[in-house]
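Notes for the one structure printed next.
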Amino acid sequence: MILDKFKLDGKVAIVTGAARGLGQGIAVGLAEAGADVALVDILDMSESKTRIEKLGRKSIAISADLSKKDCVDDIVKQTIEKLGGIDILFNNAGIIRRAPITEFTEKDWDDVMNINIRTLFFLSQAVGKQMIKQGRGGKIVNTASMLSFQGGILVPSYTASKSAVMGLTRLLANELGAYNINVNAIAPGYMATDNTRALREDPARNKAILDRIPAGRWGTPEDLQGISVFLASAASDYMQGYTVAVDGGWLAR
């Protein structure tokens with residue numbers, strides 16, 4: 001039956017940036033579909049862990065500073081030791097810095113690029129090696145952005161990093177496809193998270209954004225659960241290297 005292909009029973013997923021917001025929503029969605037989940041964040045993950053365990057799934061919390069590559073080996077090691085392997089990697093963690101291009105600092109550039117693309121690549125590399133070793137394929141899903149498609153304003157390092165995420169998703173798909181590893185990305189639209197708080201609290205910007213969204217509202221973490229489960233499951237076995245926009249119709253305008 002087709003719905004069986006969406007089940008994640010017996011699968012182990014890693015979700016970065018899983019303490020709150022989109023990452024928490026994605027992690028809970030994967031657990032609802034049957035996966036055990038390794039949560040990765042620098043923030044307190046107890047709420048996400050509790051929600052997953054209430055579903056009857058296993059969950060571990062791995063504290064990691066994703067601005068530094070040093071955390072990668074520990075994330076992979078802990079997941080294998082405590083949950084038995086890795087079937088799904090969801091590279092969701094990301095940060096944003098806002099300033100006019102004439103005032104944007106080197107630190108704001110480096111901080112965003114290190115988390116949003118540098119560690120994303122090295123964690124994908126390490127998990128890809130493990131998936132190849134296991135010999136049963138796997139799924140890697142990256143969180144891209146509307147700014148993978150557009151330039152935006154006031155966020156040069158974020159735009160650069162998210163454009164890179166879409167390109168790297170294609171490259172990883174090209175190289176890992178031969179090992180039955182699917183690599184795709186989700187580009188969330190304007191979501192009601194901490195990253196967009198400043199926009200939502202600015203009446204003019206908030207109105208301008210909502211006026212362009214056919215759905216007429218900001219997105220929520222729950223809006224990403226369906227596509228996340230799809231891309232993490234056997235239902236998407238013939239999807240490779242694609243970035244799916246979940247944006248309430250923003251790009252259609």
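A note on labels: chains of the structure tokens are A, B, ... as shown, every chain counts residues from 1, and ligands are counted from 1 in their shown order.
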Discussion item. Just list as a ChimeraX atom specification whatever in segment 2-162 of chain A DSSP marks as strand (DSSP E).
Written reply: /A:12-16,36-41,59-63,88-91,138-143
Same residues, N, CA and C atoms, saved as a JSON list (two decimals), in the first residue's frame:
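Result file is result.json:
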```json
[["chain", "number", "residue", "atom", "x", "y", "z"],
["A", 12, "VAL", "N", 16.52, 5.51, 11.91],
["A", 12, "VAL", "CA", 17.17, 6.42, 12.86],
["A", 12, "VAL", "C", 17.50, 7.72, 12.13],
["A", 13, "ALA", "N", 17.04, 8.83, 12.69],
["A", 13, "ALA", "CA", 17.26, 10.14, 12.08],
["A", 13, "ALA", "C", 18.08, 11.04, 12.98],
["A", 14, "ILE", "N", 18.92, 11.86, 12.37],
["A", 14, "ILE", "CA", 19.60, 12.96, 13.06],
["A", 14, "ILE", "C", 18.95, 14.25, 12.57],
["A", 15, "VAL", "N", 18.56, 15.12, 13.50],
["A", 15, "VAL", "CA", 18.00, 16.42, 13.14],
["A", 15, "VAL", "C", 18.79, 17.50, 13.86],
["A", 16, "THR", "N", 19.42, 18.39, 13.11],
["A", 16, "THR", "CA", 20.17, 19.48, 13.74],
["A", 16, "THR", "C", 19.26, 20.70, 13.93],
["A", 36, "ASP", "N", 13.25, 6.81, 15.28],
["A", 36, "ASP", "CA", 13.97, 7.24, 16.48],
["A", 36, "ASP", "C", 14.83, 8.43, 16.08],
["A", 37, "VAL", "N", 15.04, 9.38, 16.99],
["A", 37, "VAL", "CA", 15.65, 10.64, 16.59],
["A", 37, "VAL", "C", 16.78, 11.07, 17.52],
["A", 38, "ALA", "N", 17.92, 11.39, 16.91],
["A", 38, "ALA", "CA", 19.03, 12.04, 17.61],
["A", 38, "ALA", "C", 18.87, 13.54, 17.39],
["A", 39, "LEU", "N", 18.62, 14.26, 18.47],
["A", 39, "LEU", "CA", 18.45, 15.71, 18.42],
["A", 39, "LEU", "C", 19.81, 16.37, 18.61],
["A", 40, "VAL", "N", 20.09, 17.38, 17.79],
["A", 40, "VAL", "CA", 21.37, 18.08, 17.88],
["A", 40, "VAL", "C", 21.12, 19.58, 17.98],
["A", 41, "ASP", "N", 21.70, 20.20, 19.01],
["A", 41, "ASP", "CA", 21.54, 21.65, 19.18],
["A", 41, "ASP", "C", 22.50, 22.11, 20.26],
["A", 59, "SER", "N", 14.83, 8.70, 21.75],
["A", 59, "SER", "CA", 15.43, 9.99, 21.40],
["A", 59, "SER", "C", 16.64, 10.25, 22.28],
["A", 60, "ILE", "N", 17.67, 10.81, 21.69],
["A", 60, "ILE", "CA", 18.84, 11.25, 22.45],
["A", 60, "ILE", "C", 19.10, 12.71, 22.10],
["A", 61, "ALA", "N", 19.68, 13.42, 23.04],
["A", 61, "ALA", "CA", 20.02, 14.83, 22.83],
["A", 61, "ALA", "C", 21.54, 14.97, 22.81],
["A", 62, "ILE", "N", 22.06, 15.49, 21.71],
["A", 62, "ILE", "CA", 23.50, 15.66, 21.55],
["A", 62, "ILE", "C", 23.79, 17.16, 21.52],
["A", 63, "SER", "N", 24.44, 17.65, 22.57],
["A", 63, "SER", "CA", 24.78, 19.07, 22.63],
["A", 63, "SER", "C", 25.99, 19.32, 21.75],
["A", 88, "ILE", "N", 18.74, 8.62, 8.28],
["A", 88, "ILE", "CA", 18.26, 9.93, 7.83],
["A", 88, "ILE", "C", 19.10, 11.01, 8.49],
["A", 89, "LEU", "N", 19.55, 11.97, 7.71],
["A", 89, "LEU", "CA", 20.18, 13.17, 8.25],
["A", 89, "LEU", "C", 19.38, 14.37, 7.79],
["A", 90, "PHE", "N", 18.95, 15.17, 8.74],
["A", 90, "PHE", "CA", 18.23, 16.39, 8.40],
["A", 90, "PHE", "C", 19.07, 17.58, 8.86],
["A", 91, "ASN", "N", 19.73, 18.21, 7.90],
["A", 91, "ASN", "CA", 20.57, 19.39, 8.17],
["A", 91, "ASN", "C", 19.69, 20.63, 8.25],
["A", 138, "GLY", "N", 20.08, 5.59, 2.28],
["A", 138, "GLY", "CA", 19.74, 6.58, 3.29],
["A", 138, "GLY", "C", 19.16, 7.84, 2.66],
["A", 139, "LYS", "N", 18.82, 8.78, 3.51],
["A", 139, "LYS", "CA", 18.23, 10.04, 3.08],
["A", 139, "LYS", "C", 18.94, 11.21, 3.77],
["A", 140, "ILE", "N", 19.36, 12.18, 3.00],
["A", 140, "ILE", "CA", 19.90, 13.43, 3.53],
["A", 140, "ILE", "C", 18.99, 14.54, 3.04],
["A", 141, "VAL", "N", 18.50, 15.35, 3.97],
["A", 141, "VAL", "CA", 17.60, 16.46, 3.63],
["A", 141, "VAL", "C", 18.18, 17.74, 4.23],
["A", 142, "ASN", "N", 18.33, 18.74, 3.41],
["A", 142, "ASN", "CA", 18.88, 20.03, 3.84],
["A", 142, "ASN", "C", 17.79, 21.09, 3.91],
["A", 143, "THR", "N", 17.91, 22.00, 4.86],
["A", 143, "THR", "CA", 17.00, 23.14, 4.90],
["A", 143, "THR", "C", 17.61, 24.29, 4.11]]
```
Closest-contact table, segment 90-131 of chain A side, partner segment 161-177 of chain A, 8 Å, counting only C-alpha atoms, as a tab-separated table:
```
residue	atom	partner	partner_atom	distance
A:Val112	CA	A:Ser161	CA	7.4
A:Met113	CA	A:Ser161	CA	5.7
A:Asn116	CA	A:Ser161	CA	5.9
A:Ile117	CA	A:Ser161	CA	5.7
A:Phe121	CA	A:Leu168	CA	7.9
A:Gly128	CA	A:Leu176	CA	7.4
```
Worksheet item: With only C-alpha atoms as the basis for distance, which of A:Ala234, A:Leu251, A:Leu55, A:Ser67 is at the shortest distance from Ile2 of chain A?
Response: A:Ala234
Worksheet item: Please, which residues of segment 11-241 of chain A, numbered as in this document, come out helix (DSSP H, G or I) from DSSP, as a PyMOL selection string?
Response: chain A and resi 21-32+46-53+71-83+106-134+146-148+156-179+194-200+203-212+221-232+234-236
Item to complete: Please provide as a VMD selection string all residues within 8 Å of segment 185-198 of chain A, with the sequence filter that same-chain residues fewer than 6 positions apart are discarded (counting only C-alpha atoms).
Response: chain A and resid 21 to 22 95 to 96 141 to 146 148 166 169 209 218 to 221 224 227 to 228 241 to 248 250
